[in-house]
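Chemist: I am sharing coords.cif, which consists of mmCIF, C-alpha atoms and all ligand atoms:
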```
data_final
#
loop_
_atom_site.label_atom_id
_atom_site.label_comp_id
_atom_site.auth_asym_id
_atom_site.auth_seq_id
_atom_site.Cartn_x
_atom_site.Cartn_y
_atom_site.Cartn_z
CA MET A 42 -15.59 5.49 -9.42
CA GLY A 43 -15.20 5.86 -5.68
CA LYS A 44 -14.81 9.63 -5.96
CA THR A 45 -18.30 10.64 -4.84
CA LYS A 46 -18.75 14.37 -4.29
CA GLY A 47 -15.07 15.09 -4.77
CA PHE A 48 -14.02 12.67 -2.04
CA ASP A 49 -11.73 9.87 -3.19
CA LYS A 50 -12.40 7.27 -0.49
CA TYR A 51 -9.94 4.74 -1.90
CA PHE A 52 -7.16 7.32 -1.85
CA TYR A 53 -7.70 7.98 1.85
CA TYR A 54 -8.16 4.26 2.57
CA ARG A 55 -4.82 3.48 0.98
CA LYS A 56 -3.04 6.29 2.82
CA SER A 57 -4.54 5.17 6.13
CA VAL A 58 -4.47 1.39 6.21
CA GLN A 59 -2.37 0.02 3.38
CA ALA A 60 1.37 -0.49 2.96
CA PRO A 61 1.48 -2.49 -0.30
CA LYS A 62 5.23 -2.25 -0.85
CA GLU A 63 6.02 -3.48 2.66
CA ASP A 64 3.36 -6.22 2.41
CA ALA A 65 4.81 -7.45 -0.89
CA LYS A 66 8.27 -7.57 0.65
CA PHE A 67 6.92 -9.46 3.65
CA LEU A 68 5.18 -12.03 1.43
CA GLY A 69 8.43 -12.66 -0.45
CA ARG A 70 10.26 -13.20 2.85
CA VAL A 71 7.62 -15.55 4.25
CA TYR A 72 7.79 -17.72 1.12
CA LYS A 73 11.58 -17.79 1.31
CA ASP A 74 11.39 -18.79 4.99
CA ALA A 75 9.15 -21.72 4.02
CA TYR A 76 10.86 -23.02 0.87
CA ASN A 77 14.22 -21.23 0.63
CA LYS A 78 13.46 -19.96 -2.87
CA LYS A 79 11.78 -16.98 -4.49
CA ALA A 80 8.03 -16.87 -5.04
CA GLU A 81 6.78 -15.78 -8.46
CA THR A 82 2.99 -15.90 -8.47
CA MET A 83 0.83 -14.19 -5.85
CA ARG A 84 -2.97 -14.20 -5.67
CA GLU A 85 -4.47 -11.30 -3.73
CA ASP A 86 -7.87 -12.33 -2.36
CA PHE A 87 -10.42 -9.62 -1.41
CA CYS A 88 -8.12 -7.40 -3.48
CA ALA A 89 -10.42 -4.34 -3.81
CA ALA A 90 -8.28 -1.86 -5.82
CA PHE A 91 -5.46 -4.47 -5.92
CA ALA A 92 -2.69 -2.20 -4.65
CA LEU A 93 -0.77 -5.20 -3.31
CA SER A 94 -0.86 -6.96 -6.70
CA CYS A 95 0.63 -3.84 -8.30
CA ALA A 96 3.39 -3.68 -5.67
CA TRP A 97 4.08 -7.41 -6.08
CA VAL A 98 4.84 -7.17 -9.82
CA GLN A 99 6.99 -4.09 -9.21
CA GLY A 100 9.22 -6.25 -7.00
CA GLY A 101 10.68 -8.43 -9.79
CA ALA A 102 10.41 -9.12 -13.53
CA GLU A 103 9.53 -12.79 -12.92
CA ARG A 104 6.56 -11.95 -10.70
CA LYS A 105 2.88 -12.28 -11.61
CA ALA A 106 -0.19 -11.24 -9.60
CA LEU A 107 -3.86 -12.24 -9.69
CA GLY A 108 -6.40 -10.11 -7.85
CA VAL A 109 -9.85 -11.42 -6.88
CA ASP A 110 -12.77 -9.33 -5.63
CA LEU A 111 -16.56 -9.47 -5.92
CA ASP A 112 -17.08 -5.75 -6.23
CA PRO A 113 -16.51 -4.03 -9.61
CA GLU A 114 -16.22 -0.56 -8.03
CA PRO A 115 -12.83 -0.94 -6.31
CA LEU A 116 -11.59 -3.13 -9.19
CA ASN A 117 -12.37 -0.30 -11.62
CA TYR A 118 -10.70 2.18 -9.30
CA GLY A 119 -7.53 0.07 -9.42
CA ARG A 120 -7.75 -0.21 -13.21
CA GLU A 121 -8.08 3.57 -13.53
CA ASN A 122 -5.71 4.73 -10.80
CA TYR A 123 -3.10 2.10 -9.98
CA LEU A 124 -2.56 0.12 -13.19
CA PRO A 125 -1.62 3.20 -15.26
CA LYS A 126 1.20 3.93 -12.77
CA LEU A 127 2.89 0.63 -13.67
CA LYS A 128 5.29 0.16 -16.57
CA PRO A 129 3.67 -1.71 -19.52
CA ASP A 130 5.64 -4.88 -18.73
CA GLN A 131 4.51 -4.79 -15.08
CA ARG A 132 0.92 -4.08 -16.12
CA SER A 133 0.91 -7.19 -18.33
CA ARG A 134 1.75 -9.30 -15.28
CA VAL A 135 -1.36 -8.29 -13.28
CA GLU A 136 -4.66 -10.08 -13.88
CA VAL A 137 -7.85 -9.14 -12.10
CA TYR A 138 -10.93 -11.32 -11.61
CA GLU A 139 -14.37 -10.12 -10.57
CA ASP A 140 -15.25 -13.26 -8.67
CA ASN A 141 -16.09 -14.79 -5.31
CA VAL A 142 -13.00 -16.09 -3.53
CA LEU A 143 -15.04 -19.19 -2.73
CA ASN A 144 -15.72 -19.91 -6.40
CA ALA A 145 -12.39 -18.97 -7.71
CA SER A 146 -10.83 -21.75 -9.70
CA LEU A 147 -7.86 -19.89 -11.00
CA PRO A 148 -4.33 -20.74 -12.06
CA LYS A 149 -2.40 -22.21 -9.13
CA VAL A 150 -0.03 -19.83 -7.38
CA ASP A 151 2.91 -19.76 -4.94
CA ILE A 152 1.21 -17.39 -2.49
CA ILE A 153 -2.38 -16.52 -1.65
CA SER A 154 -2.69 -13.47 0.57
CA ALA A 155 -5.85 -12.38 2.36
CA MET A 156 -5.00 -9.05 3.97
CA ASN A 157 -6.72 -6.49 6.09
CA PHE A 158 -8.70 -9.20 7.86
CA SER A 159 -11.17 -9.60 4.99
CA TYR A 160 -11.70 -13.34 5.64
CA MET A 161 -13.44 -12.31 8.90
CA ILE A 162 -16.63 -11.90 6.81
CA PHE A 163 -16.86 -15.70 7.11
CA LYS A 164 -18.75 -16.05 10.34
CA THR A 165 -19.16 -19.80 10.60
CA ARG A 166 -16.51 -22.45 11.00
CA ALA A 167 -17.93 -24.27 7.95
CA ASN A 168 -17.65 -21.18 5.72
CA LEU A 169 -14.13 -20.32 6.83
CA LEU A 170 -13.04 -23.92 6.39
CA GLN A 171 -14.53 -23.91 2.88
CA TYR A 172 -12.47 -20.80 2.07
CA LEU A 173 -9.27 -22.33 3.46
CA GLU A 174 -9.86 -25.53 1.48
CA THR A 175 -10.44 -23.51 -1.69
CA CYS A 176 -7.14 -21.74 -1.07
CA HIS A 177 -5.37 -25.06 -0.46
CA ASN A 178 -6.70 -26.39 -3.80
CA ASN A 179 -5.56 -23.27 -5.63
CA LEU A 180 -1.97 -23.39 -4.39
CA LYS A 181 0.97 -25.09 -6.08
CA GLU A 182 2.80 -27.96 -4.36
CA GLN A 183 5.18 -25.63 -2.52
CA ALA A 184 3.04 -22.67 -1.55
CA VAL A 185 1.72 -20.58 1.30
CA LEU A 186 -1.50 -18.91 2.41
CA VAL A 187 -0.83 -15.69 4.35
CA MET A 188 -3.53 -13.95 6.38
CA ASP A 189 -3.30 -11.14 8.88
CA CYS A 190 -5.11 -11.27 12.20
CA PHE A 191 -5.70 -8.88 15.08
CA GLY A 192 -6.77 -9.18 18.68
CA GLY A 193 -6.04 -8.28 22.29
CA ALA A 194 -8.26 -7.28 25.21
CA GLY A 195 -8.91 -3.93 23.49
CA VAL A 196 -11.07 -5.50 20.78
CA MET A 197 -13.51 -6.87 23.32
CA GLU A 198 -15.29 -3.57 23.77
CA PRO A 199 -16.37 -0.64 21.62
CA ASN A 200 -13.61 1.91 21.00
CA ILE A 201 -12.48 4.54 18.54
CA GLU A 202 -8.96 5.42 17.53
CA GLU A 203 -7.94 8.54 15.62
CA THR A 204 -4.79 8.69 13.50
CA LYS A 205 -3.81 12.20 12.50
CA HIS A 206 -2.24 12.81 9.11
CA GLU A 207 -1.05 16.15 7.77
CA ASP A 208 -4.32 17.13 6.11
CA PHE A 209 -6.85 14.61 7.38
CA SER A 210 -7.71 12.25 10.23
CA TYR A 211 -8.48 8.57 9.93
CA PHE A 212 -10.81 7.00 12.49
CA TRP A 213 -11.09 3.26 13.18
CA GLU A 214 -14.21 2.68 15.23
CA GLN A 215 -15.26 -0.56 16.80
CA ASP A 216 -19.00 -0.09 17.18
CA SER A 217 -19.82 -3.29 19.05
CA TYR A 218 -18.55 -6.59 20.35
CA ASN A 219 -20.70 -9.62 21.08
CA PRO A 220 -18.90 -12.03 23.43
CA VAL A 221 -21.38 -14.79 22.64
CA THR A 222 -20.57 -14.92 18.93
CA ASN A 223 -17.30 -12.97 18.78
CA GLU A 224 -18.96 -10.78 16.16
CA ALA A 225 -17.88 -7.14 15.96
CA LEU A 226 -18.90 -4.20 13.80
CA PHE A 227 -16.29 -1.69 12.60
CA HIS A 228 -16.43 1.60 10.71
CA ILE A 229 -13.86 3.80 9.03
CA HIS A 230 -14.49 7.55 9.14
CA PHE A 231 -12.38 10.31 7.63
CA LYS A 232 -12.14 14.01 8.40
CA ARG A 233 -10.33 16.36 6.09
CA LYS A 234 -9.05 19.58 7.63
CA GLY A 235 -11.75 22.25 7.68
CA GLU A 236 -14.50 19.78 6.65
CA LYS A 237 -17.15 17.81 8.49
CA LYS A 238 -16.34 14.23 9.48
CA ARG A 239 -17.36 11.78 6.75
CA LYS A 240 -18.86 8.95 8.74
CA ARG A 241 -18.98 5.24 7.94
CA VAL A 242 -17.12 5.50 4.66
CA PHE A 243 -16.36 1.80 5.06
CA THR A 244 -18.14 -0.68 7.35
CA TYR A 245 -17.08 -4.20 8.28
CA ASP A 246 -19.33 -6.77 9.93
CA TRP A 247 -16.91 -9.45 11.09
CA ARG A 248 -16.39 -12.40 13.36
CA LEU A 249 -13.14 -12.07 15.24
CA TRP A 250 -11.20 -15.29 14.77
CA SER A 251 -8.36 -16.17 17.15
CA LEU A 252 -4.97 -17.38 15.96
CA ALA A 253 -5.56 -20.73 17.67
CA GLU A 254 -8.85 -21.22 15.79
CA LEU A 255 -7.26 -20.20 12.50
CA LYS A 256 -4.36 -22.57 13.04
CA ASP A 257 -6.69 -25.50 13.76
CA LEU A 258 -8.75 -24.71 10.66
CA MET A 259 -5.72 -24.37 8.40
CA LEU A 260 -4.45 -27.78 9.53
CA GLU A 261 -7.93 -29.23 9.00
CA ALA A 262 -8.00 -27.71 5.49
CA GLY A 263 -4.85 -29.68 4.64
CA PHE A 264 -1.96 -27.28 5.31
CA HIS A 265 0.92 -29.31 6.71
CA LYS A 266 2.48 -26.54 8.78
CA VAL A 267 1.17 -23.30 10.28
CA SER A 268 3.44 -20.49 11.50
CA ILE A 269 2.65 -17.29 13.36
CA TYR A 270 4.64 -14.13 12.68
CA TRP A 271 4.60 -11.76 15.67
CA GLU A 272 5.79 -8.16 15.77
CA GLY A 273 9.01 -7.33 17.63
CA THR A 274 9.28 -4.57 20.23
CA GLY A 275 11.33 -1.40 19.74
CA ALA A 276 13.38 0.47 22.37
CA ASP A 277 10.31 2.65 23.09
CA GLY A 278 8.28 -0.44 24.01
CA ASP A 279 6.05 -0.15 20.92
CA GLY A 280 5.90 -2.52 17.95
CA ASN A 281 8.89 -2.14 15.61
CA GLY A 282 7.19 -3.34 12.42
CA ILE A 283 9.45 -6.40 12.17
CA TYR A 284 7.58 -9.70 12.22
CA ARG A 285 9.27 -12.99 13.09
CA ARG A 286 8.06 -16.57 13.51
CA THR A 287 7.20 -17.39 17.08
CA GLU A 288 5.34 -19.85 19.29
CA LYS A 289 4.54 -17.24 21.92
CA GLY A 290 3.01 -13.78 21.58
CA ASP A 291 2.85 -11.11 24.27
CA ASP A 292 -0.54 -10.12 25.62
CA SER A 293 -0.71 -6.51 24.39
CA VAL A 294 -4.05 -4.71 24.49
CA ALA A 295 -4.10 -4.62 20.69
CA TRP A 296 -1.92 -6.59 18.33
CA VAL A 297 -1.70 -7.45 14.64
CA SER A 298 0.06 -10.59 13.48
CA TYR A 299 0.29 -12.88 10.44
CA ILE A 300 -0.61 -16.53 10.13
CA VAL A 301 0.98 -18.58 7.40
CA GLY A 302 -0.14 -22.00 6.22
CA SER A 303 2.42 -23.97 4.21
CA LYS A 304 1.05 -26.58 1.83
C1 LIG B 1 -11.52 -4.88 3.72
S1 LIG B 1 -11.65 -4.85 1.97
C2 LIG B 1 -10.04 -5.44 1.56
C3 LIG B 1 -9.16 -4.48 0.94
C4 LIG B 1 -7.73 -4.93 0.64
N1 LIG B 1 -7.57 -6.36 0.53
C5 LIG B 1 -6.78 -4.40 1.68
O1 LIG B 1 -5.83 -5.09 2.04
O2 LIG B 1 -6.95 -3.30 2.17
C6 LIG B 1 -12.66 -6.25 1.64
C7 LIG B 1 -12.92 -6.57 0.17
O3 LIG B 1 -13.39 -7.91 0.10
C8 LIG B 1 -14.34 -8.01 -0.96
N2 LIG B 1 -15.11 -9.24 -0.75
C9 LIG B 1 -15.96 -9.51 0.27
N3 LIG B 1 -16.42 -10.77 0.16
C10 LIG B 1 -15.81 -11.33 -0.93
C11 LIG B 1 -15.85 -12.61 -1.55
N4 LIG B 1 -16.60 -13.60 -1.04
N5 LIG B 1 -15.11 -12.82 -2.65
C12 LIG B 1 -14.33 -11.83 -3.17
N6 LIG B 1 -14.24 -10.61 -2.61
C13 LIG B 1 -14.98 -10.35 -1.52
C14 LIG B 1 -15.11 -6.71 -0.89
O4 LIG B 1 -15.71 -6.41 -2.12
C15 LIG B 1 -14.00 -5.72 -0.49
O5 LIG B 1 -13.46 -5.10 -1.64
#
```
When written as structure tokens, how does the structure in this file appear?
Ligand SMILES: C[S@@+](CC[C@H](N)C(=O)[O-])C[C@H]1O[C@@H](n2cnc3c(N)ncnc32)[C@H](O)[C@@H]1O
Modeler:
Amino acid sequence: MGKTKGFDKYFYYRKSVQAPKEDAKFLGRVYKDAYNKKAETMREDFCAAFALSCAWVQGGAERKALGVDLDPEPLNYGRENYLPKLKPDQRSRVEVYEDNVLNASLPKVDIISAMNFSYMIFKTRANLLQYLETCHNNLKEQAVLVMDCFGGAGVMEPNIEETKHEDFSYFWEQDSYNPVTNEALFHIHFKRKGEKKRKRVFTYDWRLWSLAELKDLMLEAGFHKVSIYWEGTGADGDGNGIYRRTEKGDDSVAWVSYIVGSK
């Protein structure tokens, strides 16, 4: 699954855009910030090959993870490639559901995470609000919803960015931006050394939501507090990978941040 013509697209996706261990650590910290205790259960929405769920259970023997995705292909990839790498005890603490995140009526959890901007498939206020309300209903009494978000002037026009790795390049292309609707189309391309570029390996048709809109919607969905985690700046002037709660971001051309709703 996912290894068409000898090209393992999920392998390159993971190497290019995912940092499951760091994300799992971040989720634990965010929960501790909110409730001053350790989280145990984490639901990974839009989980695809559920790499984050696997990293979550590796972080502690008391931890459980639930992954939810509509598409059986990445779920099977995770079952075949990531689950076997876990110890049997860790494996038994991961559950995966082939389901719509809007339908999901699953065991309540401490954390729901929606990473890599996947909720941006919801293009209307009503649909996004429905998703946030579903999350609110599926969280325990002391619990958080964590979503990442990106923006900056750079996302308001088409652009392409290449990231070079040792044996391949990853391309993140923004194909279009519609200022009337805030809709934008993105593609991921890969190029392995000595091979032709593999175009549009993944495509995302999204509405770009702002942090202010997300905050309003989370409050409307019933979350009592909403916090923004913004990346700090290193000595070189670039992001340092350390995210802290803030009320004020800086207006960089492109930024990634996290928004956290506490129940
Ligand atoms: C951008 S990928 C997310 C990958 C992963 N979460 C990550 O952090 O890299 C989006 C995933 O969302 C899934 N998806 C889209 N709509 C969904 C829905 N309504 N319910 C559940 N999964 C959905 C797709 O099948 C796809 O695997």
Chemist: Using only C-alpha atoms and all ligand atoms, find each residue in chain A having at least one atom no more than 7 Å away from ligand LIG 1 (chain B); report its shortest atom-to-atom pair and that distance in Å (one decimal), rows by chain then rising number, as JSON lines.
Modeler:
```
{"residue": "A:Val58", "atom": "CA", "partner": "B:LIG1", "partner_atom": "O2", "distance": 6.7}
{"residue": "A:Gln59", "atom": "CA", "partner": "B:LIG1", "partner_atom": "O2", "distance": 5.8}
{"residue": "A:Asp86", "atom": "CA", "partner": "B:LIG1", "partner_atom": "C12", "distance": 6.5}
{"residue": "A:Phe87", "atom": "CA", "partner": "B:LIG1", "partner_atom": "O3", "distance": 3.7}
{"residue": "A:Cys88", "atom": "CA", "partner": "B:LIG1", "partner_atom": "N1", "distance": 4.2}
{"residue": "A:Ala89", "atom": "CA", "partner": "B:LIG1", "partner_atom": "O5", "distance": 3.8}
{"residue": "A:Phe91", "atom": "CA", "partner": "B:LIG1", "partner_atom": "C4", "distance": 7.0}
{"residue": "A:Val109", "atom": "CA", "partner": "B:LIG1", "partner_atom": "C12", "distance": 5.8}
{"residue": "A:Asp110", "atom": "CA", "partner": "B:LIG1", "partner_atom": "N6", "distance": 3.6}
{"residue": "A:Leu111", "atom": "CA", "partner": "B:LIG1", "partner_atom": "N6", "distance": 4.2}
{"residue": "A:Asp112", "atom": "CA", "partner": "B:LIG1", "partner_atom": "O4", "distance": 4.4}
{"residue": "A:Pro115", "atom": "CA", "partner": "B:LIG1", "partner_atom": "O5", "distance": 6.3}
{"residue": "A:Asp140", "atom": "CA", "partner": "B:LIG1", "partner_atom": "C12", "distance": 5.8}
{"residue": "A:Asn141", "atom": "CA", "partner": "B:LIG1", "partner_atom": "N5", "distance": 3.5}
{"residue": "A:Val142", "atom": "CA", "partner": "B:LIG1", "partner_atom": "N5", "distance": 4.0}
{"residue": "A:Leu143", "atom": "CA", "partner": "B:LIG1", "partner_atom": "N4", "distance": 6.0}
{"residue": "A:Ala155", "atom": "CA", "partner": "B:LIG1", "partner_atom": "N1", "distance": 6.5}
{"residue": "A:Met156", "atom": "CA", "partner": "B:LIG1", "partner_atom": "O1", "distance": 4.5}
{"residue": "A:Asn157", "atom": "CA", "partner": "B:LIG1", "partner_atom": "O1", "distance": 4.4}
{"residue": "A:Phe158", "atom": "CA", "partner": "B:LIG1", "partner_atom": "C1", "distance": 6.6}
{"residue": "A:Ser159", "atom": "CA", "partner": "B:LIG1", "partner_atom": "C1", "distance": 4.9}
{"residue": "A:Ile162", "atom": "CA", "partner": "B:LIG1", "partner_atom": "N3", "distance": 6.7}
```
Chemist: Atom CA of His228 of chain A and atom CA of Ser94 of chain A are how many Å apart?
Modeler: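 According to the coordinates, atom CA of His228 of chain A and atom CA of Ser94 of chain A are separated by 24.9 Å.
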Chemist: Hey, what's within 6 Å of Arg104 of chain A if we count only C-alpha atoms and toss same-chain stuff fewer than 4 positions away? As a list in words, please?
Modeler: Glu81, Thr82 and Val98 of chain A
Chemist: When distances are computed from all atoms listed in the file, which of A:Trp247, A:Tyr270, A:Tyr138, A:Phe209 shows the smallest separation from Ser57 of chain A?
Modeler: A:Phe209
Chemist: Find the spatial neighbours of Glu254 of chain A, counting all atoms listed in the file, within a cut-off of 12 Å - ignore same-chain residues fewer than 5 positions away - and output them as an MDAnalysis selection string.
Modeler: chainID A and resid 165:166 169:170 190 248:249 259:261 267 300
Chemist: Show which residues sit within 12 Å of Lys205 of chain A, as a CSV table (one decimal) with C-alpha atoms, keeping the file's coordinate frame. Count all atoms listed in the file, and ignore same-chain residues fewer than 3 positions away.
Modeler:
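Below is the file out_33.csv, written as the result:
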```
chain,number,residue,atom,x,y,z
A,56,LYS,CA,-3.0,6.3,2.8
A,57,SER,CA,-4.5,5.2,6.1
A,202,GLU,CA,-9.0,5.4,17.5
A,208,ASP,CA,-4.3,17.1,6.1
A,209,PHE,CA,-6.8,14.6,7.4
A,210,SER,CA,-7.7,12.2,10.2
A,211,TYR,CA,-8.5,8.6,9.9
A,212,PHE,CA,-10.8,7.0,12.5
A,213,TRP,CA,-11.1,3.3,13.2
A,231,PHE,CA,-12.4,10.3,7.6
A,232,LYS,CA,-12.1,14.0,8.4
A,233,ARG,CA,-10.3,16.4,6.1
A,234,LYS,CA,-9.0,19.6,7.6
```
Chemist: May I ask for the distance between atom CA of His230 of chain A and atom CA of Thr244 of chain A, given in Å to one decimal place?
Modeler: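 Atom CA of Thr244 of chain A lies 9.2 Å from atom CA of His230 of chain A.
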Chemist: Between A:Val71, A:Val185, A:Met83, A:Leu173, which is the closest to Glu136 of chain A once you count all atoms listed in the file?
Modeler: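 For Glu136 of chain A, the nearest of the given residues is A:Met83.
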Chemist: Tell me which protein, DNA and RNA residues are within 8 Å of segment 288-292 of chain A, counting all atoms listed in the file, leaving out same-chain ones fewer than 3 positions away, and put them as a list in words.
Modeler: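 Contacts, in chain order: Gly193, Ile269 and Trp271 of chain A.
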Chemist: For the selection just defined, write its residues with C-alpha atoms to a file, as a compact mmCIF listing (two decimals), in the frame of the given file.
Modeler:
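The new file result-v1.txt reads:
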```
# COMPACT_ATOMS: atom_id res chain seq x y z
CA GLY A 193 -6.04 -8.28 22.29
CA ILE A 269 2.65 -17.29 13.36
CA TRP A 271 4.60 -11.76 15.67
```
Chemist: What is the atom CA of Arg84 of chain A-atom CA of Tyr54 of chain A distance in Å, reported with one decimal?
Modeler: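 Answer for the atom CA of Arg84 of chain A to atom CA of Tyr54 of chain A separation: 20.9 Å.
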Chemist: When you count all atoms listed in the file, which of these residues is closest to Ser251 of chain A: A:Glu224, A:Glu198, A:Glu203, A:Asp74?
Modeler: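 Residue with the minimum atom-to-atom distance to Ser251 of chain A: A:Glu224.
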Chemist: I need the residue nearest Tyr245 of chain A from this list: A:Ser146, A:Ser298, A:Gln215, A:Ser154. Use only C-alpha atoms for the distance.
Modeler: A:Gln215
